[in-house]
file upload-v2.cif (mmCIF, C-alpha atoms (C1' of nucleotides))
data_target
#
loop_
_atom_site.label_atom_id
_atom_site.label_comp_id
_atom_site.auth_asym_id
_atom_site.auth_seq_id
_atom_site.Cartn_x
_atom_site.Cartn_y
_atom_site.Cartn_z
CA MET Z 1 -37.10 -53.49 -68.34
CA GLY Z 2 -36.77 -53.77 -72.09
CA THR Z 3 -36.52 -50.34 -73.59
CA LEU Z 4 -38.36 -49.90 -76.80
CA ALA Z 5 -35.65 -47.69 -78.09
CA GLY Z 6 -35.97 -47.08 -81.76
CA ASN Z 7 -32.37 -46.11 -82.09
CA LEU Z 8 -29.89 -48.42 -83.63
CA GLN Z 9 -26.77 -49.36 -81.70
CA GLU Z 10 -28.33 -48.93 -78.30
CA GLU Z 11 -27.44 -52.50 -77.46
CA LEU Z 12 -24.07 -53.89 -76.51
CA MET Z 13 -22.14 -57.03 -77.17
CA LYS Z 14 -22.11 -59.42 -74.28
CA LEU Z 15 -19.54 -62.15 -74.17
CA SER Z 16 -20.09 -64.91 -71.65
CA THR Z 17 -20.25 -68.66 -71.42
CA LYS Z 18 -23.73 -68.60 -72.91
CA GLY Z 19 -22.45 -67.18 -76.16
CA ARG Z 20 -19.58 -69.63 -76.13
CA TYR Z 21 -21.95 -72.55 -75.84
CA ALA Z 22 -23.93 -71.25 -78.78
CA VAL Z 23 -20.84 -70.71 -80.93
CA THR Z 24 -19.47 -74.12 -79.98
CA ALA Z 25 -22.75 -75.77 -80.93
CA MET Z 26 -22.88 -73.90 -84.21
CA LEU Z 27 -19.31 -74.92 -84.95
CA ASP Z 28 -20.29 -78.51 -84.27
CA LEU Z 29 -23.15 -78.17 -86.72
CA ALA Z 30 -20.85 -76.68 -89.32
CA LEU Z 31 -18.24 -79.37 -88.80
CA HIS Z 32 -20.74 -82.20 -89.24
CA SER Z 33 -22.89 -80.77 -91.99
CA GLY Z 34 -23.47 -82.58 -95.24
CA ASN Z 35 -25.36 -85.65 -94.05
CA GLY Z 36 -28.72 -84.12 -93.35
CA PRO Z 37 -29.98 -82.74 -90.06
CA ILE Z 38 -27.99 -83.22 -86.89
CA THR Z 39 -29.75 -84.06 -83.67
CA LEU Z 40 -29.19 -82.04 -80.57
CA ALA Z 41 -28.47 -85.33 -78.81
CA GLU Z 42 -25.37 -85.71 -80.98
CA VAL Z 43 -24.24 -82.16 -80.30
CA SER Z 44 -24.95 -82.69 -76.62
CA SER Z 45 -22.75 -85.77 -76.33
CA ARG Z 46 -20.01 -84.42 -78.56
CA GLN Z 47 -19.74 -80.98 -76.98
CA ASP Z 48 -20.76 -81.94 -73.46
CA ILE Z 49 -23.63 -79.48 -73.22
CA SER Z 50 -26.88 -80.56 -71.63
CA LEU Z 51 -29.62 -81.43 -74.12
CA SER Z 52 -32.24 -79.23 -72.48
CA TYR Z 53 -29.93 -76.28 -72.45
CA LEU Z 54 -29.16 -76.81 -76.12
CA GLU Z 55 -32.89 -76.85 -76.82
CA GLN Z 56 -33.20 -73.41 -75.27
CA LEU Z 57 -30.27 -72.06 -77.23
CA PHE Z 58 -31.44 -73.52 -80.52
CA SER Z 59 -34.91 -72.15 -79.98
CA LYS Z 60 -33.32 -68.71 -80.08
CA LEU Z 61 -30.99 -69.59 -82.92
CA ARG Z 62 -34.00 -70.73 -84.94
CA LYS Z 63 -35.91 -67.53 -84.21
CA ALA Z 64 -32.86 -65.61 -85.38
CA SER Z 65 -32.98 -67.58 -88.66
CA LEU Z 66 -29.55 -69.05 -88.12
CA VAL Z 67 -30.67 -72.69 -88.20
CA ASP Z 68 -33.49 -74.73 -89.68
CA SER Z 69 -35.22 -77.49 -87.76
CA VAL Z 70 -36.56 -80.76 -89.12
CA ARG Z 71 -39.01 -82.59 -86.92
CA GLY Z 72 -39.67 -86.25 -86.58
CA PRO Z 73 -37.37 -89.25 -86.89
CA GLY Z 74 -34.26 -88.44 -88.88
CA GLY Z 75 -34.80 -84.81 -88.03
CA GLY Z 76 -32.53 -82.36 -86.32
CA TYR Z 77 -30.97 -79.01 -87.02
CA GLU Z 78 -28.90 -77.66 -89.85
CA LEU Z 79 -27.39 -74.30 -90.65
CA LYS Z 80 -29.79 -72.12 -92.57
CA ARG Z 81 -26.96 -70.48 -94.45
CA PRO Z 82 -23.46 -71.69 -95.37
CA SER Z 83 -21.01 -71.41 -92.52
CA SER Z 84 -19.15 -68.83 -94.55
CA GLN Z 85 -22.12 -66.53 -94.22
CA ILE Z 86 -22.83 -66.77 -90.51
CA SER Z 87 -20.85 -64.44 -88.30
CA ILE Z 88 -19.86 -64.96 -84.70
CA ALA Z 89 -21.61 -61.72 -83.80
CA GLU Z 90 -24.91 -63.05 -85.09
CA VAL Z 91 -24.65 -66.19 -83.01
CA VAL Z 92 -23.69 -64.38 -79.83
CA LEU Z 93 -26.41 -61.77 -80.23
CA ALA Z 94 -29.01 -64.41 -80.99
CA VAL Z 95 -28.72 -66.09 -77.60
CA ASN Z 96 -27.94 -63.09 -75.41
CA GLU Z 97 -30.44 -60.60 -74.19
CA PRO Z 98 -28.48 -57.57 -75.23
CA ILE Z 99 -27.68 -55.16 -72.47
CA SER Z 100 -28.68 -51.57 -72.70
CA ALA Z 101 -25.92 -49.17 -73.54
CA THR Z 102 -27.34 -46.08 -71.94
CA LYS Z 103 -28.22 -46.05 -68.30
CA CYS Z 104 -29.22 -42.43 -68.59
CA ASN Z 105 -31.96 -43.12 -71.07
CA GLY Z 106 -35.02 -41.52 -69.62
CA LYS Z 107 -33.28 -39.99 -66.68
CA GLY Z 108 -32.42 -36.38 -66.29
CA GLY Z 109 -29.09 -35.15 -65.10
CA CYS Z 110 -27.48 -36.12 -68.36
CA GLN Z 111 -27.22 -32.58 -69.56
CA ASP Z 112 -23.88 -31.87 -68.02
CA GLY Z 113 -22.31 -33.81 -70.81
CA ASP Z 114 -19.82 -35.82 -68.88
CA LEU Z 115 -22.10 -38.74 -68.27
CA CYS Z 116 -23.23 -38.97 -71.85
CA LEU Z 117 -19.68 -38.66 -73.12
CA SER Z 118 -18.51 -41.79 -71.35
CA HIS Z 119 -21.62 -43.62 -72.40
CA GLN Z 120 -21.10 -42.65 -75.98
CA LEU Z 121 -17.46 -43.62 -75.92
CA TRP Z 122 -18.32 -47.04 -74.58
CA THR Z 123 -21.08 -47.44 -77.12
CA GLU Z 124 -18.70 -46.65 -79.94
CA LEU Z 125 -16.19 -49.08 -78.57
CA SER Z 126 -18.84 -51.75 -78.29
CA ASP Z 127 -19.76 -51.05 -81.86
CA GLN Z 128 -16.16 -51.71 -82.86
CA ILE Z 129 -16.23 -55.04 -81.09
CA TYR Z 130 -19.42 -55.88 -82.90
CA GLN Z 131 -17.88 -54.92 -86.22
CA PHE Z 132 -14.92 -57.10 -85.44
CA LEU Z 133 -17.02 -60.14 -84.59
CA SER Z 134 -19.23 -59.50 -87.58
CA GLY Z 135 -16.21 -59.93 -89.77
CA ILE Z 136 -15.50 -63.42 -88.50
CA THR Z 137 -17.59 -66.27 -89.88
CA LEU Z 138 -18.02 -69.79 -88.60
CA GLU Z 139 -16.07 -71.05 -91.58
CA GLN Z 140 -13.20 -68.68 -90.93
CA VAL Z 141 -12.99 -69.97 -87.40
CA ILE Z 142 -12.96 -73.56 -88.62
CA GLN Z 143 -10.39 -72.80 -91.27
CA ARG Z 144 -8.54 -70.62 -88.77
CA GLN Z 145 -8.59 -67.88 -91.35
CA PHE Z 146 -9.44 -65.04 -89.06
CA VAL Z 147 -6.80 -62.37 -88.92
CA GLN Z 148 -3.69 -63.25 -87.07
CA LYS Z 149 -2.21 -59.87 -86.42
CA VAL Z 150 -5.08 -57.58 -85.63
CA ALA Z 151 -3.31 -56.01 -82.69
CA GLU Z 152 -0.38 -54.65 -84.60
CA ARG Z 153 -2.04 -51.37 -85.32
CA GLN Z 154 -0.90 -48.50 -83.24
CA ASN Z 155 1.38 -47.49 -80.44
CA HIS Z 156 1.55 -50.86 -78.83
CA ARG Z 157 4.21 -50.47 -76.24
CA PHE Z 158 3.07 -52.54 -73.31
CA ARG Z 159 5.71 -53.95 -71.09
CA GLU Z 160 5.76 -57.67 -70.55
CA GLU Z 161 4.40 -57.69 -67.02
CA ASP Z 162 1.42 -55.59 -68.02
CA VAL Z 163 0.34 -58.05 -70.61
CA ILE Z 164 0.74 -61.10 -68.50
CA LEU Z 165 -2.17 -60.31 -66.21
CA PHE Z 166 -4.23 -62.07 -68.80
CA SER Z 167 -3.39 -65.46 -67.41
CA MET U 168 3.82 -59.06 -77.26
CA GLY U 169 5.84 -62.12 -77.80
CA THR U 170 4.29 -63.77 -74.80
CA LEU U 171 0.89 -64.15 -76.30
CA ALA U 172 2.20 -65.47 -79.54
CA GLY U 173 3.35 -68.75 -78.10
CA ASN U 174 0.78 -70.80 -76.24
CA LEU U 175 -2.91 -70.14 -76.27
CA GLN U 176 -4.45 -68.43 -73.31
CA GLU U 177 -6.60 -70.48 -71.02
CA GLU U 178 -8.75 -67.59 -69.89
CA LEU U 179 -11.42 -65.81 -71.84
CA MET U 180 -12.58 -62.28 -72.24
CA LYS U 181 -15.82 -61.47 -70.52
CA LEU U 182 -17.74 -58.43 -71.58
CA SER U 183 -20.56 -57.32 -69.33
CA THR U 184 -21.82 -54.26 -67.55
CA LYS U 185 -19.18 -54.72 -64.89
CA GLY U 186 -16.41 -54.15 -67.37
CA ARG U 187 -18.28 -51.21 -68.77
CA TYR U 188 -18.47 -49.61 -65.36
CA ALA U 189 -14.75 -50.03 -64.96
CA VAL U 190 -13.94 -48.63 -68.38
CA THR U 191 -16.33 -45.74 -67.85
CA ALA U 192 -14.70 -44.91 -64.53
CA MET U 193 -11.23 -45.14 -66.03
CA LEU U 194 -12.30 -42.87 -68.86
CA ASP U 195 -13.59 -40.40 -66.30
CA LEU U 196 -10.24 -40.51 -64.56
CA ALA U 197 -8.43 -39.97 -67.83
CA LEU U 198 -10.72 -37.10 -68.82
CA HIS U 199 -10.20 -35.25 -65.55
CA SER U 200 -6.53 -35.93 -64.97
CA GLY U 201 -4.01 -33.18 -64.46
CA ASN U 202 -5.21 -31.61 -61.22
CA GLY U 203 -4.03 -34.25 -58.79
CA PRO U 204 -6.00 -37.22 -57.49
CA ILE U 205 -9.69 -37.57 -58.24
CA THR U 206 -12.05 -38.79 -55.54
CA LEU U 207 -14.36 -41.65 -56.15
CA ALA U 208 -17.16 -39.40 -54.94
CA GLU U 209 -16.60 -37.23 -57.98
CA VAL U 210 -16.58 -40.18 -60.32
CA SER U 211 -19.65 -41.52 -58.58
CA SER U 212 -21.69 -38.38 -59.08
CA ARG U 213 -20.43 -37.74 -62.58
CA GLN U 214 -20.89 -41.26 -63.91
CA ASP U 215 -23.83 -42.26 -61.73
CA ILE U 216 -22.16 -45.33 -60.24
CA SER U 217 -22.57 -46.06 -56.56
CA LEU U 218 -19.59 -45.11 -54.44
CA SER U 219 -19.28 -48.46 -52.72
CA TYR U 220 -19.38 -50.28 -56.02
CA LEU U 221 -16.67 -48.01 -57.34
CA GLU U 222 -14.59 -48.80 -54.28
CA GLN U 223 -14.78 -52.48 -55.08
CA LEU U 224 -13.84 -51.92 -58.69
CA PHE U 225 -10.95 -49.62 -57.85
CA SER U 226 -9.64 -52.08 -55.32
CA LYS U 227 -9.17 -54.48 -58.23
CA LEU U 228 -7.88 -51.79 -60.54
CA ARG U 229 -5.29 -50.88 -57.95
CA LYS U 230 -4.22 -54.48 -57.47
CA ALA U 231 -3.81 -54.69 -61.23
CA SER U 232 -1.51 -51.66 -61.09
CA LEU U 233 -3.75 -49.59 -63.29
CA VAL U 234 -4.34 -46.81 -60.76
CA ASP U 235 -2.55 -45.30 -57.79
CA SER U 236 -4.36 -44.25 -54.65
CA VAL U 237 -3.64 -41.31 -52.38
CA ARG U 238 -5.14 -41.47 -48.95
CA GLY U 239 -6.27 -38.70 -46.70
CA PRO U 240 -7.78 -35.33 -47.49
CA GLY U 241 -7.05 -34.18 -51.02
CA GLY U 242 -6.49 -37.81 -51.92
CA GLY U 243 -8.15 -39.95 -54.50
CA TYR U 244 -7.13 -42.02 -57.49
CA GLU U 245 -5.09 -41.32 -60.57
CA LEU U 246 -3.98 -43.37 -63.52
CA LYS U 247 -0.73 -45.14 -62.86
CA ARG U 248 0.30 -44.88 -66.50
CA PRO U 249 -0.64 -42.39 -69.21
CA SER U 250 -4.02 -43.13 -70.75
CA SER U 251 -2.19 -43.88 -73.98
CA GLN U 252 -0.62 -46.88 -72.30
CA ILE U 253 -3.64 -48.49 -70.68
CA SER U 254 -5.64 -50.81 -72.88
CA ILE U 255 -9.31 -51.62 -72.64
CA ALA U 256 -8.43 -55.28 -72.31
CA GLU U 257 -6.42 -54.60 -69.17
CA VAL U 258 -9.27 -52.74 -67.53
CA VAL U 259 -11.87 -55.35 -68.37
CA LEU U 260 -9.67 -58.21 -67.24
CA ALA U 261 -8.78 -56.42 -64.01
CA VAL U 262 -12.35 -56.37 -62.72
CA ASN U 263 -13.64 -59.65 -64.14
CA GLU U 264 -12.94 -63.03 -62.72
CA PRO U 265 -11.83 -64.60 -65.97
CA ILE U 266 -13.82 -67.62 -67.06
CA SER U 267 -12.06 -70.84 -67.86
CA ALA U 268 -11.80 -71.66 -71.51
CA THR U 269 -11.60 -75.40 -71.24
CA LYS U 270 -14.39 -77.27 -69.63
CA CYS U 271 -12.61 -80.51 -70.46
CA ASN U 272 -9.54 -79.61 -68.49
CA GLY U 273 -8.95 -82.48 -66.14
CA LYS U 274 -11.76 -84.57 -67.48
CA GLY U 275 -11.38 -87.58 -69.66
CA GLY U 276 -13.47 -88.16 -72.74
CA CYS U 277 -11.63 -85.46 -74.58
CA GLN U 278 -9.66 -87.91 -76.66
CA ASP U 279 -12.16 -88.13 -79.48
CA GLY U 280 -10.92 -84.80 -80.65
CA ASP U 281 -14.22 -83.18 -81.49
CA LEU U 282 -14.70 -81.64 -78.10
CA CYS U 283 -11.23 -80.23 -77.93
CA LEU U 284 -11.44 -78.91 -81.45
CA SER U 285 -14.41 -76.68 -80.68
CA HIS U 286 -12.83 -75.60 -77.45
CA GLN U 287 -9.63 -74.72 -79.19
CA LEU U 288 -11.42 -72.84 -81.92
CA TRP U 289 -13.29 -70.77 -79.36
CA THR U 290 -10.14 -70.18 -77.41
CA GLU U 291 -8.36 -68.91 -80.48
CA LEU U 292 -11.27 -66.66 -81.28
CA SER U 293 -11.29 -65.32 -77.76
CA ASP U 294 -7.60 -64.69 -78.12
CA GLN U 295 -8.34 -62.59 -81.18
CA ILE U 296 -10.86 -60.54 -79.23
CA TYR U 297 -8.28 -60.01 -76.55
CA GLN U 298 -5.72 -58.93 -79.10
CA PHE U 299 -8.23 -56.50 -80.52
CA LEU U 300 -9.05 -54.92 -77.16
CA SER U 301 -5.39 -54.86 -76.24
CA GLY U 302 -4.78 -52.61 -79.19
CA ILE U 303 -7.25 -49.98 -78.02
CA THR U 304 -6.10 -47.60 -75.30
CA LEU U 305 -8.10 -45.28 -73.10
CA GLU U 306 -6.66 -42.34 -74.96
CA GLN U 307 -7.63 -43.76 -78.33
CA VAL U 308 -11.17 -44.13 -77.10
CA ILE U 309 -11.22 -40.55 -75.86
CA GLN U 310 -9.68 -39.26 -79.06
CA ARG U 311 -11.93 -41.63 -81.01
CA GLN U 312 -8.83 -42.84 -82.75
CA PHE U 313 -9.63 -46.52 -82.64
CA VAL U 314 -9.85 -47.98 -86.08
CA GLN U 315 -12.90 -47.07 -88.02
CA LYS U 316 -12.84 -49.75 -90.64
CA VAL U 317 -11.78 -52.85 -88.83
CA ALA U 318 -14.47 -54.95 -90.42
CA GLU U 319 -13.35 -54.45 -93.97
CA ARG U 320 -10.96 -57.33 -93.88
CA GLN U 321 -12.00 -60.44 -95.63
CA ASN U 322 -14.91 -61.89 -97.54
CA HIS U 323 -17.44 -59.58 -96.04
CA ARG U 324 -20.48 -60.47 -98.02
CA PHE U 325 -23.25 -60.19 -95.49
CA ARG U 326 -26.54 -59.01 -96.80
CA GLU U 327 -28.04 -55.97 -95.17
CA GLU U 328 -30.71 -57.81 -93.24
CA ASP U 329 -28.14 -60.11 -91.67
CA VAL U 330 -26.19 -57.26 -90.21
CA ILE U 331 -29.10 -55.26 -88.96
CA LEU U 332 -30.10 -57.73 -86.28
CA PHE U 333 -27.81 -55.74 -84.08
CA SER U 334 -30.68 -53.44 -83.17
"C1'" DC S 335 -52.50 -96.59 -88.46
"C1'" DT S 336 -49.30 -96.84 -84.89
"C1'" DC S 337 -45.22 -95.99 -82.69
"C1'" DA S 338 -41.19 -93.90 -81.66
"C1'" DA S 339 -37.93 -90.35 -82.74
"C1'" DA S 340 -37.23 -85.91 -82.76
"C1'" DG S 341 -38.33 -80.95 -82.16
"C1'" DT S 342 -41.27 -77.34 -79.20
"C1'" DT S 343 -42.85 -75.03 -75.30
"C1'" DG S 344 -43.27 -73.50 -70.77
"C1'" DA S 345 -42.69 -73.79 -65.96
"C1'" DC S 346 -39.57 -74.37 -62.53
"C1'" DT S 347 -34.99 -74.17 -59.89
"C1'" DA S 348 -30.20 -74.28 -57.88
"C1'" DA S 349 -26.05 -71.94 -58.35
"C1'" DT S 350 -23.65 -68.06 -59.58
"C1'" DT S 351 -22.84 -63.35 -60.64
"C1'" DT S 352 -24.01 -58.59 -60.47
"C1'" DA S 353 -24.65 -54.51 -58.27
"C1'" DC S 354 -25.08 -52.86 -54.80
"C1'" DT S 355 -25.42 -51.38 -49.06
"C1'" DC S 356 -23.50 -51.06 -44.56
"C1'" DA S 357 -20.38 -50.95 -40.91
"C1'" DG S 358 -16.57 -50.46 -39.68
"C1'" DG S 359 -11.71 -49.62 -40.16
"C1'" DT S 360 -6.81 -46.85 -41.64
"C1'" DA S 361 -3.98 -43.09 -43.36
"C1'" DT S 362 -3.15 -38.14 -43.64
"C1'" DG S 363 -3.34 -33.18 -44.57
"C1'" DG S 364 -4.76 -29.06 -42.29
"C1'" DC N 365 -7.34 -34.03 -33.63
"C1'" DC N 366 -10.45 -34.38 -37.10
"C1'" DA N 367 -12.53 -34.37 -41.31
"C1'" DT N 368 -11.51 -36.47 -45.61
"C1'" DA N 369 -10.71 -40.05 -48.31
"C1'" DC N 370 -9.22 -44.68 -49.15
"C1'" DC N 371 -9.71 -49.62 -47.52
"C1'" DT N 372 -11.91 -53.99 -46.10
"C1'" DG N 373 -15.18 -57.39 -45.45
"C1'" DA N 374 -19.72 -58.98 -44.65
"C1'" DG N 375 -24.11 -59.21 -46.32
"C1'" DT N 376 -27.86 -59.10 -49.91
"C1'" DA N 377 -31.57 -58.37 -53.44
"C1'" DA N 378 -31.96 -58.86 -58.18
"C1'" DA N 379 -30.64 -60.85 -62.34
"C1'" DT N 380 -28.52 -64.27 -65.11
"C1'" DT N 381 -26.81 -68.81 -65.98
"C1'" DA N 382 -27.32 -73.39 -66.60
"C1'" DG N 383 -29.76 -76.29 -66.25
"C1'" DT N 384 -34.28 -79.99 -65.08
"C1'" DC N 385 -38.86 -81.67 -65.88
"C1'" DA N 386 -43.17 -82.42 -68.02
"C1'" DA N 387 -46.13 -82.22 -71.59
"C1'" DC N 388 -46.86 -81.57 -75.87
"C1'" DT N 389 -46.53 -81.69 -81.68
"C1'" DT N 390 -44.83 -83.37 -85.89
"C1'" DT N 391 -43.42 -86.90 -88.89
"C1'" DG N 392 -40.87 -91.19 -90.90
"C1'" DA N 393 -40.86 -95.96 -90.82
"C1'" DG N 394 -43.00 -100.30 -90.37
#

call {"tool": "encode", "arguments": {"input": "upload-v2.cif", "output": "structure tokens"}}
result
Amino acid sequence: MGTLAGNLQEELMKLSTKGRYAVTAMLDLALHSGNGPITLAEVSSRQDISLSYLEQLFSKLRKASLVDSVRGPGGGYELKRPSSQISIAEVVLAVNEPISATKCNGKGGCQDGDLCLSHQLWTELSDQIYQFLSGITLEQVIQRQFVQKVAERQNHRFREEDVILFS
Amino acid sequence: MGTLAGNLQEELMKLSTKGRYAVTAMLDLALHSGNGPITLAEVSSRQDISLSYLEQLFSKLRKASLVDSVRGPGGGYELKRPSSQISIAEVVLAVNEPISATKCNGKGGCQDGDLCLSHQLWTELSDQIYQFLSGITLEQVIQRQFVQKVAERQNHRFREEDVILFS
DNA sequence: CTCAAAGTTGACTAATTTACTCAGGTATGG
DNA sequence: CCATACCTGAGTAAATTAGTCAACTTTGAG
């Protein structure tokens, strides 16, 4: 299933509960840093995430070089870099198998252009989302410093009832 | 958008292939608008999405007032509003059952503050993502007018190798 | 050295979601 | 009428999520 595509940006952001768990756990680590490693048992009880599930997530976070592990008594996990240098995008991508952007990869029938156009548009959009999340660090989230008015860019003339379907 | 400014949303964005299918189909509709309704069969063959799956998606898109349907021969679907007034966020939210932001909703044990803090931080972040996608319309995607340099905001001091793990 | 605390790994699984198919409807233009 | 197209709901295989369980390895403290 995994395409060995050499191209960059063939993979998409995926935002689900899995990524939220990972970000929440990383925020917990950032919030409680300073006194040595933090055990997953602490994170588990504080954030109400099962210990075994955290172990899976942190296995991936470690492989992505986002955390360091210390074994033995007094051990635990700690951020490998300062929280100001770890982006949300990194955390989300570390735990998610990224989904393939192009369904039409090896397949034919993509010459008529239409198919590839939509794919490319979505890929570019996904890239924008990635850029956005890359610009937000754990520390910025904690300090609530991430931009407040990002949506005030262009013709933004939704009526009230259109917006409310968010609830 | 005064509505979103007040209280935080309790529902989160979810980005998966499902939303991509919906956006792709909506882009197809936008690209081929002007000659009356477009059949799902056309969209199906052009975008390589199964007809029955499209029917499910468009049922939700119609309930969300994003498309109008015309029955009978010569019928099909068309955008209810101009593509410049339909945001990506609307499309994605229309087809996804939104996931709950707060696991600790009715539960106790949320008094110690830590749990709720992480939840709130993630909720605020999710709100930012929503704001971001709300600011991008179908037309902007087609015209590729969505902001090119959204990530150049704050202390953006990632090293190269940190960013590249997107591949 | 021993023991217990912690991470590490892999196999397994129930529940849920995704991505469909199928079998019927209903509305409507020609 | 009748073919076309939307509409609805039931069902379902595959994948993902969100875990559990068992068996390790490493290491600090006593």

call {"tool": "atom_distance", "arguments": {"input": "upload-v2.cif", "atom1": "atom CA of Val92 of chain Z", "atom2": "atom CA of Met180 of chain U"}}
result
13.6 Å

call {"tool": "closest_residue", "arguments": {"input": "upload-v2.cif", "among": "N:DC365, N:DA378, N:DC385, N:DC370", "to": "DG344 of chain S", "atoms": "only C-alpha atoms (C1' of nucleotides)"}}
result
N:DC385

call {"tool": "resolve_selection", "arguments": {"input": "upload-v2.cif", "expression": "the PyMOL selection byres ((chain Z) within 10 of (chain S))", "output": "PyMOL selection string"}}
result
chain Z and resi 39-41+55-56+59+69-77

call {"tool": "closest_residue", "arguments": {"input": "upload-v2.cif", "among": "N:DT389, N:DG394, N:DG383, N:DA377", "to": "chain Z", "atoms": "all atoms listed in the file"}}
result
N:DG383

call {"tool": "closest_atom_pairs", "arguments": {"input": "upload-v2.cif", "of": "chain N", "to": "chain Z", "cutoff": "9 Å", "atoms": "only C-alpha atoms (C1' of nucleotides)", "output": "CSV"}}
result
residue,atom,partner,partner_atom,distance
N:DT381,C1',Z:Lys18,CA,7.6
N:DA382,C1',Z:Tyr53,CA,7.0
N:DG383,C1',Z:Tyr53,CA,6.2
N:DT384,C1',Z:Ser52,CA,7.7
N:DT390,C1',Z:Gly72,CA,5.9
N:DT391,C1',Z:Gly72,CA,4.5
N:DG392,C1',Z:Pro73,CA,5.7
N:DA393,C1',Z:Pro73,CA,8.5

call {"tool": "write_last_selection", "arguments": {"input": "upload-v2.cif", "atoms": "C-alpha atoms (C1' of nucleotides)", "output": "PDB file, in the coordinates of the input"}}
result
ATOM      1  C1'  DT N 381     -26.810 -68.810 -65.980  1.00  0.00           C
ATOM      2  C1'  DA N 382     -27.320 -73.390 -66.600  1.00  0.00           C
ATOM      3  C1'  DG N 383     -29.760 -76.290 -66.250  1.00  0.00           C
ATOM      4  C1'  DT N 384     -34.280 -79.990 -65.080  1.00  0.00           C
ATOM      5  C1'  DT N 390     -44.830 -83.370 -85.890  1.00  0.00           C
ATOM      6  C1'  DT N 391     -43.420 -86.900 -88.890  1.00  0.00           C
ATOM      7  C1'  DG N 392     -40.870 -91.190 -90.900  1.00  0.00           C
ATOM      8  C1'  DA N 393     -40.860 -95.960 -90.820  1.00  0.00           C
TER       9       DA N 393
END

call {"tool": "closest_residue", "arguments": {"input": "upload-v2.cif", "among": "U:Met193, U:Leu246, U:Val258, U:Leu288", "to": "chain Z", "atoms": "only C-alpha atoms"}}
result
U:Leu288

call {"tool": "atom_distance", "arguments": {"input": "upload-v2.cif", "atom1": "atom CA of His199 of chain U", "atom2": "atom C1' of DT368 of chain N"}}
result
20.0 Å

call {"tool": "closest_residue", "arguments": {"input": "upload-v2.cif", "among": "U:Leu196, U:Val234, U:Ile255, U:Val308", "to": "chain Z", "atoms": "only C-alpha atoms"}}
result
U:Val308

call {"tool": "atom_distance", "arguments": {"input": "upload-v2.cif", "atom1": "atom CA of Thr304 of chain U", "atom2": "atom CA of Ser251 of chain U"}}
result
5.6 Å
